[in-house]
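Since the structure comes first, as structure tokens, the remarks are kept for the end.
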Amino acid sequence: MKPDDIRKVVLECLGNIAPEADAASIKSAVSFRDQLDLDSVDLLNFVISLHKHFKIDIPEKDYSSMMTLDGCVAYLSKKIEGGSSTSP
Amino acid sequence: MAEFLMPKLGSDMTAGTLVAWLKKPGDVVKRGDIIAEVETEKGNIEVESYTTGTLEKLVVQPGQKVNVGALLAIIRDDQSATTVAKIVAAPDPLVATATSVPPVQPTGEHDRVRISPAARALARQLNVDISLATGTGPDGAITREDVERMAASAKTASTQPSSAADRQAKLRETIAAAMTRSKREIPHYYLSTTIDMHAALSWLTEENSKRTVTDRLLYSVLLIKATALALREVTELNATWDGTKVILQKDIHVGVAIALRQGGLIAPAIHNADQLSISELMTRMRDLVNRARAGSLRSSELSEPTITVTSLGEQGVESAYGVIYPPQVAIVGFGKLVERPWVVQGQVVVRPVVTATLSADHRVSDGHRGGRFLAAIDRLLQEPAKL
């Protein structure tokens, strides 16, 4: 899957959690929490939606790598390329 | 016969607008079934039935605004005879169009609609569901005027929705009224303590490493559970004040302060939080937050919290001294996790700590008991596996 396609899915998942957010105005290197005012429940919902879409496991220790758009796309690209399993 | 009334979803609520009926006359309803949707200053709320029976009559139509306590519908207990309903709280004539509807005259033939041929034809023409109509004619018969009024109500409701700005302004007014009343009437006292979270966070990390993404726990769930269990020990904080005296509450329903995306705050309850497992509590909390933000809370969640927990740690706040939401008598605040030097067995080590605060009503409890409560939360968090 190409990074641009992953980015599209990430923005779609974010849009479901923060419907008022304008996808075009999301800054790639600024944390979602800061620019979209997401809290821990929002971020958990976000990770769960990515997990369900890409069918990959995302360990809790990796959450911090996914808190910006660029970071999230890079993490997912690597993860998908690596063919992660869905356990646990 | 039971009267289904406009519920009071908070001490400051005076009226609500019926948005839709989700059941129709003749339907069997069970206690807990959602039978109506009501618009309040806090958003649209799903209203549950507090009784089991058959929905006999709908008194208020969608689009109508009525005062708290006004009769919305009649639910017939199949065991008892139906009697004439009465409106138990007189609606405000300035806002309550439902007052123009006279008391219902039940006929005992709830499954048969009395309607004149002309009114039936008009209903068909205007696409009005006569099973939802309230008849004001002889023996409760539905008249042409009833059909026209229903059609007009539906049009008003569908063409004049409250704007987001209006709803936001109303929510702000509601919060302002409740908080002003709280500060005016409740003699608050404030306590705080710093809690070592090393054990709780270590347990949480270990526990989450064994769980799937969808089953993982959030740190705040531990705080809610510890608060709920501490209330079993200091029961006077799980109470309401009725204006003259304290009423101790048997069940522990923890209100969780949730910031809404469009601004403002709401604190719906997680019922019986002390009896739920950590996993159940997590599921309930996530569901509650999602529904609060989607505007689909239930009436019991707004009317029944017995204490509130607020956490502002994610906003970088170290200590949160809350304002009590009447008629509750306490609110617990948690700040952000910070690393601090901490003495453990004579050694200075770095530990993650959180500041827990209590704002409590001095008419109901004293600092001594409030201190016991915070100490109980601290103790419970040191043994997270037992929560």
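Ordered as shown in the structure tokens, chains take letters A, B, and onward, while each chain numbers its residues from 1 and ligands are numbered from 1 in the order shown.
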Could you name the residues that touch region 57-64 of chain A at 10 Å or less, counting only C-alpha atoms, but leaving out those on the same chain fewer than 3 positions away, as a PyMOL selection string?
(chain A and resi 31+43-44+47-48+50-52+54+67-68+71-72+75-76+79+84-88) or (chain B and resi 205+208-213+216)
Writing out the chosen residues with N, CA, C and O atoms as a compact mmCIF listing (two decimals), in the first residue's frame:
```
# COMPACT_ATOMS: atom_id res chain seq x y z
N SER A 31 1.17 17.38 16.57
CA SER A 31 0.45 16.26 17.17
C SER A 31 -1.06 16.43 17.01
O SER A 31 -1.59 17.54 17.08
N LEU A 43 -7.99 9.15 21.07
CA LEU A 43 -6.79 8.50 20.53
C LEU A 43 -6.93 6.98 20.53
O LEU A 43 -6.49 6.30 19.60
N LEU A 44 -7.58 6.46 21.56
CA LEU A 44 -7.82 5.02 21.60
C LEU A 44 -8.75 4.62 20.44
O LEU A 44 -8.51 3.63 19.73
N VAL A 47 -6.72 4.61 17.24
CA VAL A 47 -5.85 3.42 17.10
C VAL A 47 -6.70 2.19 16.77
O VAL A 47 -6.33 1.37 15.91
N ILE A 48 -7.84 2.08 17.42
CA ILE A 48 -8.72 0.93 17.17
C ILE A 48 -9.21 0.95 15.71
O ILE A 48 -9.25 -0.09 15.04
N LEU A 50 -7.70 2.23 13.12
CA LEU A 50 -6.59 1.86 12.24
C LEU A 50 -6.32 0.35 12.32
O LEU A 50 -6.07 -0.31 11.31
N HIS A 51 -6.38 -0.15 13.55
CA HIS A 51 -6.18 -1.59 13.77
C HIS A 51 -7.22 -2.39 12.96
O HIS A 51 -6.88 -3.38 12.30
N LYS A 52 -8.45 -1.95 12.99
CA LYS A 52 -9.50 -2.68 12.28
C LYS A 52 -9.35 -2.54 10.77
O LYS A 52 -9.58 -3.49 10.03
N PHE A 54 -6.51 -1.82 8.93
CA PHE A 54 -5.32 -2.45 8.35
C PHE A 54 -5.08 -3.87 8.85
O PHE A 54 -4.17 -4.56 8.38
N MET A 67 1.38 9.84 16.75
CA MET A 67 0.61 11.00 17.19
C MET A 67 0.66 12.19 16.27
O MET A 67 0.07 13.24 16.54
N THR A 68 1.40 12.06 15.15
CA THR A 68 1.33 13.08 14.09
C THR A 68 0.97 12.37 12.79
O THR A 68 1.14 11.14 12.68
N GLY A 71 4.14 10.86 11.30
CA GLY A 71 4.60 9.73 12.12
C GLY A 71 3.69 8.52 11.94
O GLY A 71 4.16 7.38 11.84
N CYS A 72 2.42 8.79 11.89
CA CYS A 72 1.44 7.72 11.76
C CYS A 72 1.60 7.00 10.41
O CYS A 72 1.62 5.76 10.35
N TYR A 75 4.84 4.99 10.42
CA TYR A 75 4.71 3.79 11.25
C TYR A 75 3.89 2.71 10.53
O TYR A 75 4.28 1.54 10.46
N LEU A 76 2.75 3.13 10.00
CA LEU A 76 1.86 2.15 9.35
C LEU A 76 2.50 1.58 8.09
O LEU A 76 2.36 0.38 7.80
N LYS A 79 4.92 -0.99 9.19
CA LYS A 79 4.19 -2.11 9.80
C LYS A 79 3.53 -2.98 8.71
O LYS A 79 3.60 -4.21 8.77
N SER A 84 2.83 -7.44 9.75
CA SER A 84 2.57 -7.74 11.16
C SER A 84 1.36 -8.66 11.35
O SER A 84 0.42 -8.62 10.58
N SER A 85 1.43 -9.46 12.38
CA SER A 85 0.28 -10.30 12.72
C SER A 85 -0.67 -9.47 13.57
O SER A 85 -0.36 -8.35 13.97
N THR A 86 -1.84 -10.00 13.86
CA THR A 86 -2.82 -9.26 14.64
C THR A 86 -2.80 -9.62 16.10
O THR A 86 -3.64 -9.17 16.86
N SER A 87 -1.88 -10.45 16.54
CA SER A 87 -1.88 -10.80 17.96
C SER A 87 -1.13 -9.74 18.75
O SER A 87 -0.26 -9.04 18.20
N PRO A 88 -1.39 -9.57 20.08
CA PRO A 88 -2.35 -10.39 20.80
C PRO A 88 -3.75 -9.91 20.49
O PRO A 88 -3.93 -8.78 20.18
N THR B 205 0.44 -1.16 32.35
CA THR B 205 1.30 -1.47 31.21
C THR B 205 1.35 -2.97 30.97
O THR B 205 1.23 -3.46 29.84
N ASN B 208 -2.12 -4.18 29.73
CA ASN B 208 -2.40 -3.82 28.33
C ASN B 208 -1.55 -4.59 27.34
O ASN B 208 -1.96 -4.80 26.19
N SER B 209 -0.37 -5.01 27.78
CA SER B 209 0.48 -5.78 26.86
C SER B 209 -0.14 -7.15 26.55
O SER B 209 0.18 -7.79 25.56
N LYS B 210 -1.06 -7.58 27.42
CA LYS B 210 -1.71 -8.88 27.21
C LYS B 210 -3.05 -8.75 26.48
O LYS B 210 -3.68 -9.74 26.15
N ARG B 211 -3.48 -7.53 26.30
CA ARG B 211 -4.81 -7.33 25.71
C ARG B 211 -4.71 -6.93 24.23
O ARG B 211 -3.72 -6.33 23.81
N THR B 212 -5.78 -7.21 23.50
CA THR B 212 -5.84 -6.76 22.12
C THR B 212 -6.09 -5.25 22.10
O THR B 212 -6.51 -4.67 23.10
N VAL B 213 -5.87 -4.65 20.95
CA VAL B 213 -6.04 -3.20 20.82
C VAL B 213 -7.43 -2.77 21.31
O VAL B 213 -7.59 -1.76 22.00
N ARG B 216 -7.94 -2.75 25.36
CA ARG B 216 -6.99 -2.09 26.27
C ARG B 216 -7.68 -1.09 27.19
O ARG B 216 -8.74 -0.54 26.88
```
Mind checking which residues fall within 8 Å of region 40-57 of chain B, counting only C-alpha atoms, ignoring those fewer than 4 positions away in the same chain, and posting them as a PyMOL selection string?
chain B and resi 2+4+7+13+15-17+23-36+73-78+104+106+110+134+167+170-171+174+266+295-300
Using C-alpha atoms, can you write the selected residues to a file as a PDB file, in the first residue's frame?
```pdb
ATOM      1  CA  ALA B   2     -48.048   5.318  34.979  1.00  0.00           C
ATOM      2  CA  PHE B   4     -44.406   9.265  31.575  1.00  0.00           C
ATOM      3  CA  PRO B   7     -37.644  14.183  33.046  1.00  0.00           C
ATOM      4  CA  MET B  13     -33.283  21.973  33.602  1.00  0.00           C
ATOM      5  CA  ALA B  15     -38.092  22.446  30.031  1.00  0.00           C
ATOM      6  CA  GLY B  16     -37.384  20.213  27.061  1.00  0.00           C
ATOM      7  CA  THR B  17     -38.600  19.769  23.492  1.00  0.00           C
ATOM      8  CA  LYS B  23     -42.652   3.824  20.363  1.00  0.00           C
ATOM      9  CA  LYS B  24     -46.282   4.085  19.370  1.00  0.00           C
ATOM     10  CA  PRO B  25     -49.528   3.520  21.248  1.00  0.00           C
ATOM     11  CA  GLY B  26     -50.156  -0.152  21.849  1.00  0.00           C
ATOM     12  CA  ASP B  27     -46.458  -1.016  22.022  1.00  0.00           C
ATOM     13  CA  VAL B  28     -45.308  -2.959  25.038  1.00  0.00           C
ATOM     14  CA  VAL B  29     -42.515  -1.116  26.826  1.00  0.00           C
ATOM     15  CA  LYS B  30     -40.171  -2.486  29.426  1.00  0.00           C
ATOM     16  CA  ARG B  31     -38.398  -0.596  32.159  1.00  0.00           C
ATOM     17  CA  GLY B  32     -35.249   0.827  30.572  1.00  0.00           C
ATOM     18  CA  ASP B  33     -36.603   0.888  27.015  1.00  0.00           C
ATOM     19  CA  ILE B  34     -35.926   4.118  25.177  1.00  0.00           C
ATOM     20  CA  ILE B  35     -39.261   5.530  24.159  1.00  0.00           C
ATOM     21  CA  ALA B  36     -38.633   9.167  23.294  1.00  0.00           C
ATOM     22  CA  ALA B  73     -47.500   9.927  27.684  1.00  0.00           C
ATOM     23  CA  ILE B  74     -49.439   7.357  29.624  1.00  0.00           C
ATOM     24  CA  ILE B  75     -48.150   3.845  30.142  1.00  0.00           C
ATOM     25  CA  ARG B  76     -50.772   1.358  31.211  1.00  0.00           C
ATOM     26  CA  ASP B  77     -49.813  -1.322  33.629  1.00  0.00           C
ATOM     27  CA  ASP B  78     -51.719  -4.318  32.285  1.00  0.00           C
ATOM     28  CA  VAL B 104     -56.569  12.523  27.911  1.00  0.00           C
ATOM     29  CA  PRO B 106     -58.718   6.990  27.888  1.00  0.00           C
ATOM     30  CA  HIS B 110     -56.207   1.916  23.085  1.00  0.00           C
ATOM     31  CA  THR B 134     -53.767  13.087  20.415  1.00  0.00           C
ATOM     32  CA  ARG B 167     -27.270  24.790  21.361  1.00  0.00           C
ATOM     33  CA  LYS B 170     -27.891  27.188  25.775  1.00  0.00           C
ATOM     34  CA  LEU B 171     -25.385  24.686  27.127  1.00  0.00           C
ATOM     35  CA  THR B 174     -27.053  25.828  31.704  1.00  0.00           C
ATOM     36  CA  ILE B 266     -21.359  17.223  30.400  1.00  0.00           C
ATOM     37  CA  GLY B 295     -25.465  13.432  21.234  1.00  0.00           C
ATOM     38  CA  SER B 296     -27.138  10.171  22.211  1.00  0.00           C
ATOM     39  CA  LEU B 297     -27.067  10.039  25.982  1.00  0.00           C
ATOM     40  CA  ARG B 298     -29.916   8.526  27.972  1.00  0.00           C
ATOM     41  CA  SER B 299     -32.027  10.293  30.540  1.00  0.00           C
ATOM     42  CA  SER B 300     -30.928   8.118  33.467  1.00  0.00           C
TER      43      SER B 300
END
```
At a cut-off of 12 Å, can you tabulate as a tab-separated table every residue of chain B near chain A together with its closest atom pair and the distance in Å to one decimal, using only C-alpha atoms and ordering rows by chain then number?
```
residue	atom	partner	partner_atom	distance
B:Ala164	CA	A:Glu20	CA	11.8
B:Leu204	CA	A:Glu60	CA	10.7
B:Thr205	CA	A:Glu60	CA	8.2
B:Glu206	CA	A:Glu60	CA	10.4
B:Glu207	CA	A:Glu60	CA	10.7
B:Asn208	CA	A:Glu60	CA	7.2
B:Ser209	CA	A:Pro59	CA	7.1
B:Lys210	CA	A:Pro88	CA	6.6
B:Arg211	CA	A:Pro88	CA	6.3
B:Thr212	CA	A:Pro88	CA	5.2
B:Val213	CA	A:Ile48	CA	6.1
B:Thr214	CA	A:Ile48	CA	5.9
B:Asp215	CA	A:Ile48	CA	9.4
B:Arg216	CA	A:Leu44	CA	8.5
B:Leu217	CA	A:Leu44	CA	9.2
B:Leu218	CA	A:Ser40	CA	7.4
B:Tyr219	CA	A:Ser40	CA	9.0
B:Ser220	CA	A:Ser40	CA	9.0
B:Val221	CA	A:Val41	CA	10.9
B:Ile258	CA	A:Asp39	CA	10.0
B:Ala259	CA	A:Asp39	CA	9.2
B:Leu260	CA	A:Asp37	CA	10.4
B:Arg261	CA	A:Ala18	CA	7.8
B:Gln262	CA	A:Glu20	CA	8.5
B:Gly263	CA	A:Asp37	CA	10.9
B:Met282	CA	A:Val41	CA	10.1
B:Thr283	CA	A:Val41	CA	10.9
B:Arg284	CA	A:Val41	CA	11.8
B:Met285	CA	A:Val41	CA	8.9
B:Arg286	CA	A:Val41	CA	6.5
B:Asp287	CA	A:Val41	CA	9.7
B:Leu288	CA	A:Val41	CA	10.3
B:Val289	CA	A:Val41	CA	7.5
B:Asn290	CA	A:Val41	CA	8.3
B:Arg291	CA	A:Ile17	CA	11.9
B:Arg293	CA	A:Ile17	CA	9.5
B:Ala294	CA	A:Ile17	CA	10.0
B:Ser311	CA	A:Asp39	CA	10.9
B:Leu312	CA	A:Asp39	CA	10.1
B:Gly313	CA	A:Asp39	CA	10.1
B:Glu314	CA	A:Asp39	CA	6.9
B:Gln315	CA	A:Asp39	CA	8.8
B:Gly316	CA	A:Asp34	CA	11.6
```
Which residues are close to Gly137 (chain B), i.e. within 9 Å by only C-alpha atoms, leaving aside same-chain residues fewer than 4 positions away? Reply as a ChimeraX atom specification.
/B:115,141-143,146
